[in-house]
Amino acid sequence: MTDQSPPYHYNVIARALRVIDEAGPGLTLEDLAARMGMSPAHFQRTFSQWVGVSPKRYQQYLALDHAKRLLATRATVLETADAAGLSGGGRLHDLFLTWEAMTPGDYARGGEGLAIRWGWFDSPFGPAIVAGTERGVCGMGFSAEMGTEAAVRDLLGRWPKAQPVEDPAALRPMVNVAFGAQQGSGGSAPLYLIGAPFQIKVWEALLRVPSGHVTTYGEIARAIGHPRAVRAVGTAVGRNPISWLIPCHRALRKEGALGGYHWGLPVKRALLAWEAARADAGPPVMDHTAT
């Protein structure tokens, strides 16, 4: 395996993001590169190619108050997103997503008779479990916080009567597009939304929030025509089965707090930081400190 292969980048950056997130302000670029087993110049080049900014600049996006800054400067009003052209630069465009939803009757039957293939894949945010049917990706989650066994039980347990089959090869073409589309890969990543009608409305609204932007639970409630259902919206956001592709991490509380995240708040912070960093990315520069 060469150092230019996607799995190499996934693994290096996933480890680096965890170290940066956990480390104090004294962490230097040299220390961080040493932990990755790389020279400072090689590590910074690899990191900047993947994340879009230098390690030092990325640390700024991981700050605890970054969510509040996003809410103040990049809050998307979903009711006007289409008119402003934001949805054209959002997830549906950037990741070439198409989607369809399971019928309410099929959902009520708990996925009975449905074959769901699943497998583990590398991602910028640690190991990702992905599940899908012949119609598209129906589940995605991350195990960095909860562990692999719990992640499998959690995701596959959402459709108790379905027939799970471990078959990552069948999913790999869709996963490659999903994780590689921002680097310019072709193809499409179809989604198969398995949920109750109200949940699907919420998830559809999330798909309209552009990468690098955020919204609030209240905005989502208003966008789907249920302005008083903020708590129910929060529950539906938390039950989103297709993390990252349906960007529930972009939903914040109205005061700028992160709120919850099913796969762990450190993962949510990393997702928001990664997207904001890439949205703001300028020419990478050589730093001498990682923070």
# chains A, B, ... in the order shown; residues from 1 in each chain; ligands from 1
call {"tool": "select_by_dssp", "arguments": {"residues": "region 44-276 of chain A", "states": "alpha helix (DSSP H)", "output": "compact mmCIF listing (two decimals) with C-alpha atoms, in the first residue's frame"}}
result
# COMPACT_ATOMS: atom_id res chain seq x y z
CA GLN A 44 1.31 18.45 7.05
CA ARG A 45 1.13 17.88 3.30
CA THR A 46 -1.03 14.77 3.76
CA PHE A 47 -3.25 16.46 6.35
CA SER A 48 -3.73 19.58 4.24
CA GLN A 49 -4.57 17.54 1.15
CA TRP A 50 -7.28 15.63 3.00
CA VAL A 51 -8.79 18.20 5.39
CA PRO A 55 -3.34 21.20 11.35
CA LYS A 56 -3.01 24.56 13.13
CA ARG A 57 -5.96 26.06 11.31
CA TYR A 58 -8.04 22.94 11.76
CA GLN A 59 -7.61 23.16 15.53
CA GLN A 60 -9.37 26.52 15.42
CA TYR A 61 -12.44 24.81 13.95
CA HIS A 66 -17.08 27.05 16.90
CA ALA A 67 -20.71 25.91 16.75
CA LYS A 68 -21.83 29.29 18.10
CA ARG A 69 -19.77 31.10 15.48
CA LEU A 70 -21.30 28.94 12.76
CA LEU A 71 -24.78 29.70 14.02
CA ALA A 72 -24.04 33.42 14.01
CA THR A 73 -22.53 33.53 10.53
CA LEU A 78 -34.48 26.37 5.32
CA GLU A 79 -37.62 28.12 4.13
CA THR A 80 -35.52 30.38 1.92
CA ALA A 81 -32.65 28.04 1.11
CA ARG A 91 -25.37 17.92 0.08
CA LEU A 92 -27.54 16.83 -2.83
CA HIS A 93 -25.16 18.53 -5.25
CA ASP A 94 -21.82 18.02 -3.54
CA PRO A 104 -45.13 3.78 5.59
CA GLY A 105 -46.59 0.28 5.41
CA ASP A 106 -43.21 -1.31 4.78
CA TYR A 107 -41.70 0.71 7.62
CA ALA A 108 -44.44 -0.40 10.01
CA THR A 148 -17.90 -1.69 17.03
CA GLU A 149 -20.23 -4.22 18.66
CA ALA A 150 -22.56 -1.55 20.00
CA ALA A 151 -22.60 0.22 16.63
CA VAL A 152 -23.62 -2.98 14.82
CA ARG A 153 -26.40 -3.69 17.31
CA ASP A 154 -27.58 -0.09 17.20
CA LEU A 155 -27.75 0.30 13.43
CA LEU A 156 -29.04 -3.11 12.41
CA PRO A 168 -19.07 -4.90 2.25
CA ALA A 169 -18.15 -5.65 -1.37
CA ALA A 170 -21.74 -5.03 -2.46
CA LEU A 171 -21.74 -1.61 -0.80
CA ARG A 172 -18.26 -0.44 -1.75
CA PRO A 173 -19.19 1.37 -5.03
CA MET A 174 -21.75 3.53 -3.19
CA VAL A 175 -19.44 4.09 -0.24
CA ASN A 176 -16.57 5.11 -2.50
CA VAL A 177 -18.77 7.78 -4.05
CA ALA A 178 -20.08 8.93 -0.68
CA PHE A 179 -16.64 9.38 0.84
CA GLY A 180 -14.88 10.42 -2.36
CA PRO A 197 -43.32 9.84 7.48
CA PHE A 198 -42.55 12.58 10.03
CA GLN A 199 -38.95 11.41 10.37
CA ILE A 200 -38.49 11.39 6.60
CA LYS A 201 -39.73 15.00 6.40
CA VAL A 202 -37.10 15.99 8.95
CA TRP A 203 -34.35 14.10 7.13
CA GLU A 204 -35.36 15.69 3.82
CA ALA A 205 -35.01 19.11 5.45
CA LEU A 206 -31.52 18.19 6.68
CA TYR A 217 -34.14 22.33 15.43
CA GLY A 218 -36.63 25.19 15.41
CA GLU A 219 -35.83 26.10 11.80
CA ILE A 220 -36.35 22.48 10.77
CA ALA A 221 -39.70 22.39 12.58
CA ARG A 222 -40.85 25.52 10.75
CA ALA A 223 -39.57 24.22 7.40
CA VAL A 230 -39.20 21.21 18.11
CA ARG A 231 -38.80 18.34 20.55
CA ALA A 232 -40.19 15.82 18.07
CA VAL A 233 -37.83 17.21 15.43
CA GLY A 234 -34.92 16.72 17.81
CA THR A 235 -35.95 13.10 18.32
CA ALA A 236 -36.21 12.53 14.56
CA VAL A 237 -32.80 14.13 14.02
CA GLY A 238 -31.36 11.80 16.63
CA LEU A 265 -20.31 14.61 20.47
CA PRO A 266 -16.57 14.41 19.61
CA VAL A 267 -17.59 12.95 16.24
CA LYS A 268 -20.13 15.74 15.72
CA ARG A 269 -17.50 18.38 16.47
CA ALA A 270 -15.10 16.74 14.03
CA LEU A 271 -17.76 16.58 11.30
CA LEU A 272 -18.62 20.27 11.68
CA ALA A 273 -14.99 21.29 11.84
CA TRP A 274 -14.02 19.21 8.81
CA GLU A 275 -16.79 20.71 6.68
CA ALA A 276 -16.19 24.29 7.83
call {"tool": "residues_around", "arguments": {"residues": "Glu134 (chain A)", "least_positions_apart": "5", "cutoff": "10 Å", "atoms": "only C-alpha atoms", "output": "NGL selection string"}}
result
:A and (114-117 or 170-171 or 190 or 192)
call {"tool": "residues_around", "arguments": {"residues": "Thr103 (chain A)", "least_positions_apart": "6", "cutoff": "12 Å", "atoms": "only C-alpha atoms", "output": "ChimeraX atom specification"}}
result
/A:109-111,192-197,200
call {"tool": "write_last_selection", "arguments": {"atoms": "C-alpha atoms", "output": "PDB file, in the first residue's frame"}}
result
ATOM      1  CA  ARG A 109     -43.549  -4.011   9.257  1.00  0.00           C
ATOM      2  CA  GLY A 110     -40.040  -3.449  10.607  1.00  0.00           C
ATOM      3  CA  GLY A 111     -38.259  -4.246   7.360  1.00  0.00           C
ATOM      4  CA  TYR A 192     -32.979   4.575   0.822  1.00  0.00           C
ATOM      5  CA  LEU A 193     -34.735   6.333   3.704  1.00  0.00           C
ATOM      6  CA  ILE A 194     -36.335   3.888   6.111  1.00  0.00           C
ATOM      7  CA  GLY A 195     -38.414   5.772   8.640  1.00  0.00           C
ATOM      8  CA  ALA A 196     -41.807   7.077   9.674  1.00  0.00           C
ATOM      9  CA  PRO A 197     -43.321   9.842   7.485  1.00  0.00           C
ATOM     10  CA  ILE A 200     -38.488  11.392   6.602  1.00  0.00           C
TER      11      ILE A 200
END
call {"tool": "select_by_dssp", "arguments": {"residues": "region 193-243 of chain A", "states": "strand (DSSP E or B)", "output": "JSON, numbers by chain"}}
result
{"A": [193, 214, 215, 216, 242]}
call {"tool": "closest_residue", "arguments": {"among": "A:Val214, A:Ile242, A:Ile129, A:Met140", "to": "Ala257 (chain A)", "atoms": "only C-alpha atoms"}}
result
A:Val214
call {"tool": "atom_distance", "arguments": {"atom1": "CA of Glu100 (chain A)", "atom2": "CA of Leu191 (chain A)"}}
result
6.5 Å
call {"tool": "atom_distance", "arguments": {"atom1": "CA of Pro124 (chain A)", "atom2": "CA of Ile20 (chain A)"}}
result
13.6 Å
call {"tool": "atom_distance", "arguments": {"atom1": "CA of Gly132 (chain A)", "atom2": "CA of Trp118 (chain A)"}}
result
6.3 Å
call {"tool": "closest_residue", "arguments": {"among": "A:Met146, A:Leu29, A:Met36, A:Leu258", "to": "Val12 (chain A)", "atoms": "only C-alpha atoms"}}
result
A:Met36
call {"tool": "decode", "arguments": {"residues": "region 36-65 of chain A", "atoms": "N, CA and C atoms", "output": "CSV table (one decimal), in the first residue's frame"}}
result
chain,number,residue,atom,x,y,z
A,36,MET,N,2.2,10.2,14.4
A,36,MET,CA,1.7,9.5,13.2
A,36,MET,C,2.8,8.7,12.4
A,37,GLY,N,4.0,8.8,13.0
A,37,GLY,CA,5.1,8.1,12.3
A,37,GLY,C,5.6,8.7,11.0
A,38,MET,N,5.5,10.0,10.9
A,38,MET,CA,5.8,10.7,9.7
A,38,MET,C,6.6,11.9,10.0
A,39,SER,N,7.3,12.4,8.9
A,39,SER,CA,8.0,13.7,9.1
A,39,SER,C,7.0,14.8,9.1
A,40,PRO,N,7.4,16.0,9.8
A,40,PRO,CA,6.5,17.1,9.9
A,40,PRO,C,6.0,17.6,8.5
A,41,ALA,N,6.9,17.7,7.5
A,41,ALA,CA,6.5,18.2,6.2
A,41,ALA,C,5.6,17.2,5.5
A,42,HIS,N,5.9,15.9,5.6
A,42,HIS,CA,5.0,14.9,5.0
A,42,HIS,C,3.6,14.8,5.6
A,43,PHE,N,3.6,14.9,7.0
A,43,PHE,CA,2.3,14.8,7.6
A,43,PHE,C,1.5,16.1,7.3
A,44,GLN,N,2.1,17.3,7.3
A,44,GLN,CA,1.3,18.4,7.0
A,44,GLN,C,0.8,18.4,5.6
A,45,ARG,N,1.6,17.9,4.7
A,45,ARG,CA,1.1,17.9,3.3
A,45,ARG,C,-0.1,16.9,3.2
A,46,THR,N,0.0,15.7,3.8
A,46,THR,CA,-1.0,14.8,3.8
A,46,THR,C,-2.3,15.3,4.4
A,47,PHE,N,-2.1,15.9,5.6
A,47,PHE,CA,-3.2,16.5,6.4
A,47,PHE,C,-3.9,17.6,5.5
A,48,SER,N,-3.2,18.5,5.0
A,48,SER,CA,-3.7,19.6,4.2
A,48,SER,C,-4.4,19.1,3.0
A,49,GLN,N,-3.9,18.1,2.3
A,49,GLN,CA,-4.6,17.5,1.1
A,49,GLN,C,-5.9,17.0,1.5
A,50,TRP,N,-6.0,16.3,2.6
A,50,TRP,CA,-7.3,15.6,3.0
A,50,TRP,C,-8.3,16.6,3.6
A,51,VAL,N,-7.9,17.3,4.7
A,51,VAL,CA,-8.8,18.2,5.4
A,51,VAL,C,-9.0,19.5,4.7
A,52,GLY,N,-8.0,20.0,3.9
A,52,GLY,CA,-8.1,21.2,3.2
A,52,GLY,C,-7.4,22.4,3.8
A,53,VAL,N,-7.0,22.2,5.1
A,53,VAL,CA,-6.3,23.3,5.8
A,53,VAL,C,-5.2,22.6,6.6
A,54,SER,N,-4.3,23.5,7.1
A,54,SER,CA,-3.2,23.0,8.0
A,54,SER,C,-3.7,22.5,9.3
A,55,PRO,N,-2.9,21.6,10.0
A,55,PRO,CA,-3.3,21.2,11.4
A,55,PRO,C,-3.6,22.4,12.3
A,56,LYS,N,-2.8,23.4,12.2
A,56,LYS,CA,-3.0,24.6,13.1
A,56,LYS,C,-4.4,25.2,12.9
A,57,ARG,N,-4.7,25.4,11.6
A,57,ARG,CA,-6.0,26.1,11.3
A,57,ARG,C,-7.1,25.1,11.6
A,58,TYR,N,-7.0,23.9,11.4
A,58,TYR,CA,-8.0,22.9,11.8
A,58,TYR,C,-8.4,23.0,13.2
A,59,GLN,N,-7.4,23.1,14.1
A,59,GLN,CA,-7.6,23.2,15.5
A,59,GLN,C,-8.6,24.3,15.9
A,60,GLN,N,-8.5,25.4,15.2
A,60,GLN,CA,-9.4,26.5,15.4
A,60,GLN,C,-10.8,26.1,15.2
A,61,TYR,N,-11.1,25.2,14.2
A,61,TYR,CA,-12.4,24.8,13.9
A,61,TYR,C,-13.0,23.8,15.0
A,62,LEU,N,-12.1,23.2,15.7
A,62,LEU,CA,-12.5,22.3,16.7
A,62,LEU,C,-12.8,22.9,18.1
A,63,ALA,N,-12.6,24.2,18.2
A,63,ALA,CA,-12.8,24.9,19.4
A,63,ALA,C,-14.3,24.7,19.8
A,64,LEU,N,-14.5,24.7,21.1
A,64,LEU,CA,-15.8,24.4,21.6
A,64,LEU,C,-16.9,25.5,21.2
A,65,ASP,N,-16.4,26.7,21.0
A,65,ASP,CA,-17.3,27.8,20.6
A,65,ASP,C,-17.5,27.9,19.1
